[in-house]
file protein-v7.cif (mmCIF, C-alpha atoms)
data_entry
#
loop_
_atom_site.group_PDB
_atom_site.id
_atom_site.type_symbol
_atom_site.label_atom_id
_atom_site.label_comp_id
_atom_site.auth_asym_id
_atom_site.auth_seq_id
_atom_site.Cartn_x
_atom_site.Cartn_y
_atom_site.Cartn_z
ATOM 1 C CA MET N 1 -48.455 -46.227 48.374
ATOM 2 C CA ARG N 2 -44.875 -47.259 47.949
ATOM 3 C CA PHE N 3 -45.720 -50.830 46.879
ATOM 4 C CA CYS N 4 -48.390 -49.887 44.343
ATOM 5 C CA PRO N 5 -47.059 -50.826 40.896
ATOM 6 C CA PHE N 6 -48.869 -47.883 39.318
ATOM 7 C CA ALA N 7 -47.234 -45.392 41.690
ATOM 8 C CA HIS N 8 -43.963 -47.275 41.233
ATOM 9 C CA ARG N 9 -44.069 -46.494 37.495
ATOM 10 C CA ALA N 10 -44.176 -42.776 38.236
ATOM 11 C CA ARG N 11 -41.348 -43.014 40.794
ATOM 12 C CA LEU N 12 -39.217 -44.883 38.264
ATOM 13 C CA VAL N 13 -39.751 -42.136 35.684
ATOM 14 C CA LEU N 14 -39.104 -39.384 38.247
ATOM 15 C CA ASN N 15 -35.877 -41.023 39.402
ATOM 16 C CA THR N 16 -34.673 -42.066 35.941
ATOM 17 C CA LYS N 17 -35.156 -38.536 34.639
ATOM 18 C CA GLY N 18 -33.671 -36.970 37.804
ATOM 19 C CA ILE N 19 -36.792 -34.901 38.546
ATOM 20 C CA LYS N 20 -36.788 -33.388 42.026
ATOM 21 C CA HIS N 21 -40.022 -34.279 43.783
ATOM 22 C CA GLU N 22 -41.689 -34.905 47.105
ATOM 23 C CA THR N 23 -43.398 -38.244 47.682
ATOM 24 C CA ILE N 24 -46.504 -38.529 49.820
ATOM 25 C CA ASN N 25 -47.611 -42.127 50.305
ATOM 26 C CA ILE N 26 -51.358 -42.750 50.467
ATOM 27 C CA ASN N 27 -52.904 -45.649 52.362
ATOM 28 C CA LEU N 28 -54.983 -47.108 49.515
ATOM 29 C CA SER N 29 -57.438 -48.834 51.832
ATOM 30 C CA LYS N 30 -58.083 -45.630 53.819
ATOM 31 C CA LYS N 31 -57.470 -42.640 51.565
ATOM 32 C CA PRO N 32 -57.546 -39.328 53.419
ATOM 33 C CA GLU N 33 -60.288 -36.817 52.578
ATOM 34 C CA TRP N 34 -57.756 -34.145 51.535
ATOM 35 C CA PHE N 35 -56.565 -36.468 48.762
ATOM 36 C CA PHE N 36 -60.047 -36.588 47.199
ATOM 37 C CA LEU N 37 -60.135 -32.775 47.263
ATOM 38 C CA LYS N 38 -57.022 -32.795 45.082
ATOM 39 C CA ASN N 39 -58.013 -35.805 42.958
ATOM 40 C CA PRO N 40 -61.713 -36.766 43.046
ATOM 41 C CA SER N 41 -60.958 -40.139 41.391
ATOM 42 C CA GLY N 42 -58.591 -41.085 44.217
ATOM 43 C CA LEU N 43 -56.160 -42.672 41.750
ATOM 44 C CA VAL N 44 -52.456 -43.027 42.434
ATOM 45 C CA PRO N 45 -50.091 -41.856 41.285
ATOM 46 C CA THR N 46 -51.186 -38.256 41.325
ATOM 47 C CA VAL N 47 -48.752 -35.504 40.435
ATOM 48 C CA GLU N 48 -49.377 -31.940 41.549
ATOM 49 C CA THR N 49 -47.479 -29.447 39.414
ATOM 50 C CA SER N 50 -45.879 -26.285 40.776
ATOM 51 C CA ASP N 51 -48.930 -24.443 39.338
ATOM 52 C CA GLY N 52 -51.283 -26.636 41.382
ATOM 53 C CA ASP N 53 -52.531 -28.638 38.383
ATOM 54 C CA MET N 54 -53.223 -32.340 38.923
ATOM 55 C CA VAL N 55 -52.184 -35.181 36.623
ATOM 56 C CA TYR N 56 -53.137 -38.752 37.490
ATOM 57 C CA ASP N 57 -53.237 -42.305 36.074
ATOM 58 C CA SER N 58 -49.823 -43.925 35.803
ATOM 59 C CA ALA N 59 -49.625 -44.039 32.000
ATOM 60 C CA VAL N 60 -50.743 -40.408 31.724
ATOM 61 C CA VAL N 61 -48.371 -39.286 34.484
ATOM 62 C CA CYS N 62 -45.388 -41.048 32.870
ATOM 63 C CA GLU N 63 -46.092 -39.608 29.422
ATOM 64 C CA TYR N 64 -46.675 -36.144 30.936
ATOM 65 C CA LEU N 65 -43.364 -36.248 32.825
ATOM 66 C CA ASP N 66 -41.542 -37.415 29.699
ATOM 67 C CA GLU N 67 -42.917 -34.480 27.707
ATOM 68 C CA VAL N 68 -42.460 -31.810 30.380
ATOM 69 C CA TYR N 69 -38.896 -32.961 31.185
ATOM 70 C CA PRO N 70 -37.525 -33.787 27.713
ATOM 71 C CA ASP N 71 -33.800 -33.884 28.583
ATOM 72 C CA LYS N 72 -33.752 -37.677 28.858
ATOM 73 C CA LYS N 73 -36.562 -38.963 26.637
ATOM 74 C CA LEU N 74 -38.004 -42.326 27.594
ATOM 75 C CA LEU N 75 -40.590 -42.577 24.834
ATOM 76 C CA PRO N 76 -39.730 -42.554 21.114
ATOM 77 C CA SER N 77 -40.399 -39.310 19.241
ATOM 78 C CA SER N 78 -41.407 -41.059 16.025
ATOM 79 C CA PRO N 79 -45.184 -41.713 15.952
ATOM 80 C CA PHE N 80 -44.560 -45.025 14.169
ATOM 81 C CA GLU N 81 -41.966 -46.175 16.735
ATOM 82 C CA LYS N 82 -44.297 -45.115 19.546
ATOM 83 C CA ALA N 83 -47.156 -47.080 17.918
ATOM 84 C CA GLN N 84 -44.898 -50.133 17.518
ATOM 85 C CA GLN N 85 -43.889 -49.918 21.151
ATOM 86 C CA LYS N 86 -47.515 -49.691 22.267
ATOM 87 C CA MET N 87 -48.461 -52.674 20.078
ATOM 88 C CA ILE N 88 -45.659 -54.744 21.611
ATOM 89 C CA MET N 89 -46.649 -53.669 25.111
ATOM 90 C CA GLU N 90 -50.313 -54.524 24.469
ATOM 91 C CA TYR N 91 -49.339 -57.946 23.174
ATOM 92 C CA PHE N 92 -46.952 -58.556 26.078
ATOM 93 C CA SER N 93 -49.521 -57.293 28.549
ATOM 94 C CA SER N 94 -52.168 -59.705 27.298
ATOM 95 C CA LYS N 95 -49.775 -62.655 27.657
ATOM 96 C CA ILE N 96 -48.287 -61.864 31.043
ATOM 97 C CA GLN N 97 -51.181 -60.042 32.675
ATOM 98 C CA PRO N 98 -52.699 -63.087 34.398
ATOM 99 C CA TYR N 99 -49.456 -63.627 36.310
ATOM 100 C CA PHE N 100 -49.208 -60.097 37.692
ATOM 101 C CA TYR N 101 -52.470 -59.232 39.410
ATOM 102 C CA ASN N 102 -54.102 -58.035 36.161
ATOM 103 C CA TYR N 103 -52.051 -54.847 36.089
ATOM 104 C CA ASN N 104 -52.130 -53.144 32.726
ATOM 105 C CA PHE N 105 -48.702 -52.547 31.186
ATOM 106 C CA VAL N 106 -48.391 -49.577 28.882
ATOM 107 C CA GLU N 107 -45.610 -47.977 26.886
ATOM 108 C CA ASN N 108 -42.007 -48.615 27.739
ATOM 109 C CA ASP N 109 -42.565 -48.698 31.474
ATOM 110 C CA CYS N 110 -43.755 -52.254 30.897
ATOM 111 C CA VAL N 111 -40.240 -53.496 31.540
ATOM 112 C CA LEU N 112 -40.028 -51.391 34.672
ATOM 113 C CA GLN N 113 -43.369 -52.757 35.868
ATOM 114 C CA PHE N 114 -42.191 -56.268 35.088
ATOM 115 C CA LEU N 115 -39.082 -55.617 37.185
ATOM 116 C CA ASN N 116 -41.218 -54.425 40.088
ATOM 117 C CA ASN N 117 -43.141 -57.705 40.072
ATOM 118 C CA LEU N 118 -40.251 -59.970 39.157
ATOM 119 C CA ILE N 119 -38.041 -58.688 41.964
ATOM 120 C CA LEU N 120 -39.973 -60.968 44.312
ATOM 121 C CA CYS N 121 -39.026 -63.962 42.190
ATOM 122 C CA PRO N 122 -35.657 -65.536 42.944
ATOM 123 C CA PHE N 123 -33.181 -65.446 40.054
ATOM 124 C CA SER N 124 -33.448 -69.222 39.899
ATOM 125 C CA CYS N 125 -36.794 -68.816 38.104
ATOM 126 C CA LEU N 126 -34.851 -67.160 35.280
ATOM 127 C CA SER N 127 -32.416 -70.031 34.753
ATOM 128 C CA ASP N 128 -34.032 -71.050 31.452
ATOM 129 C CA THR N 129 -34.071 -67.468 30.179
ATOM 130 C CA PRO N 130 -30.435 -66.284 30.149
ATOM 131 C CA GLU N 131 -31.182 -63.095 28.185
ATOM 132 C CA LEU N 132 -33.943 -62.096 30.601
ATOM 133 C CA LYS N 133 -31.673 -62.884 33.542
ATOM 134 C CA LYS N 134 -28.904 -60.737 32.012
ATOM 135 C CA TRP N 135 -31.346 -57.890 31.416
ATOM 136 C CA MET N 136 -32.707 -58.222 34.963
ATOM 137 C CA GLU N 137 -29.206 -58.015 36.431
ATOM 138 C CA SER N 138 -28.420 -54.895 34.370
ATOM 139 C CA MET N 139 -31.715 -53.262 35.387
ATOM 140 C CA LEU N 140 -30.867 -53.835 39.045
ATOM 141 C CA GLU N 141 -27.744 -51.719 38.475
ATOM 142 C CA ASP N 142 -29.634 -48.829 36.822
ATOM 143 C CA PRO N 143 -29.513 -45.722 39.101
ATOM 144 C CA GLY N 144 -33.193 -44.881 38.507
ATOM 145 C CA VAL N 145 -34.245 -48.402 39.406
ATOM 146 C CA LYS N 146 -31.897 -48.551 42.409
ATOM 147 C CA ALA N 147 -33.457 -45.349 43.777
ATOM 148 C CA CYS N 148 -36.875 -47.043 43.825
ATOM 149 C CA MET N 149 -35.845 -50.451 45.109
ATOM 150 C CA HIS N 150 -36.893 -51.865 48.439
ATOM 151 C CA PRO N 151 -35.233 -54.905 49.980
ATOM 152 C CA VAL N 152 -36.962 -58.175 49.096
ATOM 153 C CA ASP N 153 -37.770 -58.726 52.794
ATOM 154 C CA THR N 154 -39.613 -55.389 52.842
ATOM 155 C CA HIS N 155 -41.703 -56.479 49.848
ATOM 156 C CA LYS N 156 -42.381 -59.855 51.445
ATOM 157 C CA GLY N 157 -43.460 -58.155 54.671
ATOM 158 C CA PHE N 158 -45.864 -55.895 52.809
ATOM 159 C CA TYR N 159 -47.390 -58.709 50.778
ATOM 160 C CA LYS N 160 -47.735 -60.865 53.898
ATOM 161 C CA THR N 161 -49.721 -58.143 55.687
ATOM 162 C CA PHE N 162 -51.698 -57.449 52.509
ATOM 163 C CA ILE N 163 -52.690 -61.109 52.095
ATOM 164 C CA GLU N 164 -53.511 -61.448 55.773
ATOM 165 C CA LYS N 165 -55.430 -58.140 55.609
ATOM 166 C CA ILE N 166 -53.519 -56.758 58.574
ATOM 167 C CA PRO N 167 -54.331 -53.035 58.763
ATOM 168 C CA THR N 168 -51.402 -50.656 58.414
ATOM 169 C CA MET N 169 -51.202 -47.318 60.165
ATOM 170 C CA THR N 170 -50.835 -44.041 58.346
ATOM 171 C CA LYS N 171 -48.444 -41.394 59.632
ATOM 172 C CA GLU N 172 -51.346 -39.585 61.341
ATOM 173 C CA GLU N 173 -52.432 -42.782 63.143
ATOM 174 C CA GLU N 174 -49.032 -43.744 64.499
ATOM 175 C CA PRO N 175 -48.717 -43.356 68.291
#
call {"tool": "encode", "arguments": {"input": "protein-v7.cif", "output": "structure tokens"}}
result
Amino acid sequence: MRFCPFAHRARLVLNTKGIKHETININLSKKPEWFFLKNPSGLVPTVETSDGDMVYDSAVVCEYLDEVYPDKKLLPSSPFEKAQQKMIMEYFSSKIQPYFYNYNFVENDCVLQFLNNLILCPFSCLSDTPELKKWMESMLEDPGVKACMHPVDTHKGFYKTFIEKIPTMTKEEEP
């Protein structure tokens, strides 16, 4: 599901680290049976390794990818720095969570998740936060983020159909 913030986390890590991959989008309201054969929980994102092993849950997937592809580390190697980062993310998550559909932010992809949600907000809402606005502008120029971006109108179209509960067709259902 290309608009799912949990799947978006994994795509951001894949693109930021330059990991070659194939994306298969899953209709979350009508998951195909073959998907449950691969992942009985039905969670996205799900990563299938070249050995056929399955890794799922966005935080687990992101940490797994960071360890398996260590060339460009995203998480700190120091256990203390990693713990500090998780404490900050937990604190931040508890404060901002009510504004973002109760999604749980973990590890350093919190900022990437925040970007995914904030992209729908016009920059004018950042006028009283110049440092956040500056950071937001720099993130929009990051190649990994750019690779995952969708135009704002595409996001608006998705959320409009989601709110109105308009069914979307999967590739198999298209005429």
call {"tool": "atom_distance", "arguments": {"input": "protein-v7.cif", "atom1": "atom CA of N:Phe35", "atom2": "atom CA of N:Met1"}}
result
12.7 Å
call {"tool": "residues_near_point", "arguments": {"input": "protein-v7.cif", "point": "(-41.0, -39.1, 36.1)", "cutoff": "12 Å", "atoms": "all atoms listed in the file", "output": "count of residues only"}}
result
43
call {"tool": "atom_distance", "arguments": {"input": "protein-v7.cif", "atom1": "atom CA of N:Met139", "atom2": "atom CA of N:Pro5"}}
result
16.5 Å
call {"tool": "residues_near_point", "arguments": {"input": "protein-v7.cif", "point": "(-52.8, -44.6, 48.7)", "cutoff": "12 Å", "atoms": "all atoms listed in the file", "output": "VMD selection string"}}
result
chain N and resid 1 to 8 23 to 36 39 41 to 46 168 to 170
call {"tool": "atom_distance", "arguments": {"input": "protein-v7.cif", "atom1": "atom CA of N:Met54", "atom2": "atom CA of N:Leu37"}}
result
10.8 Å
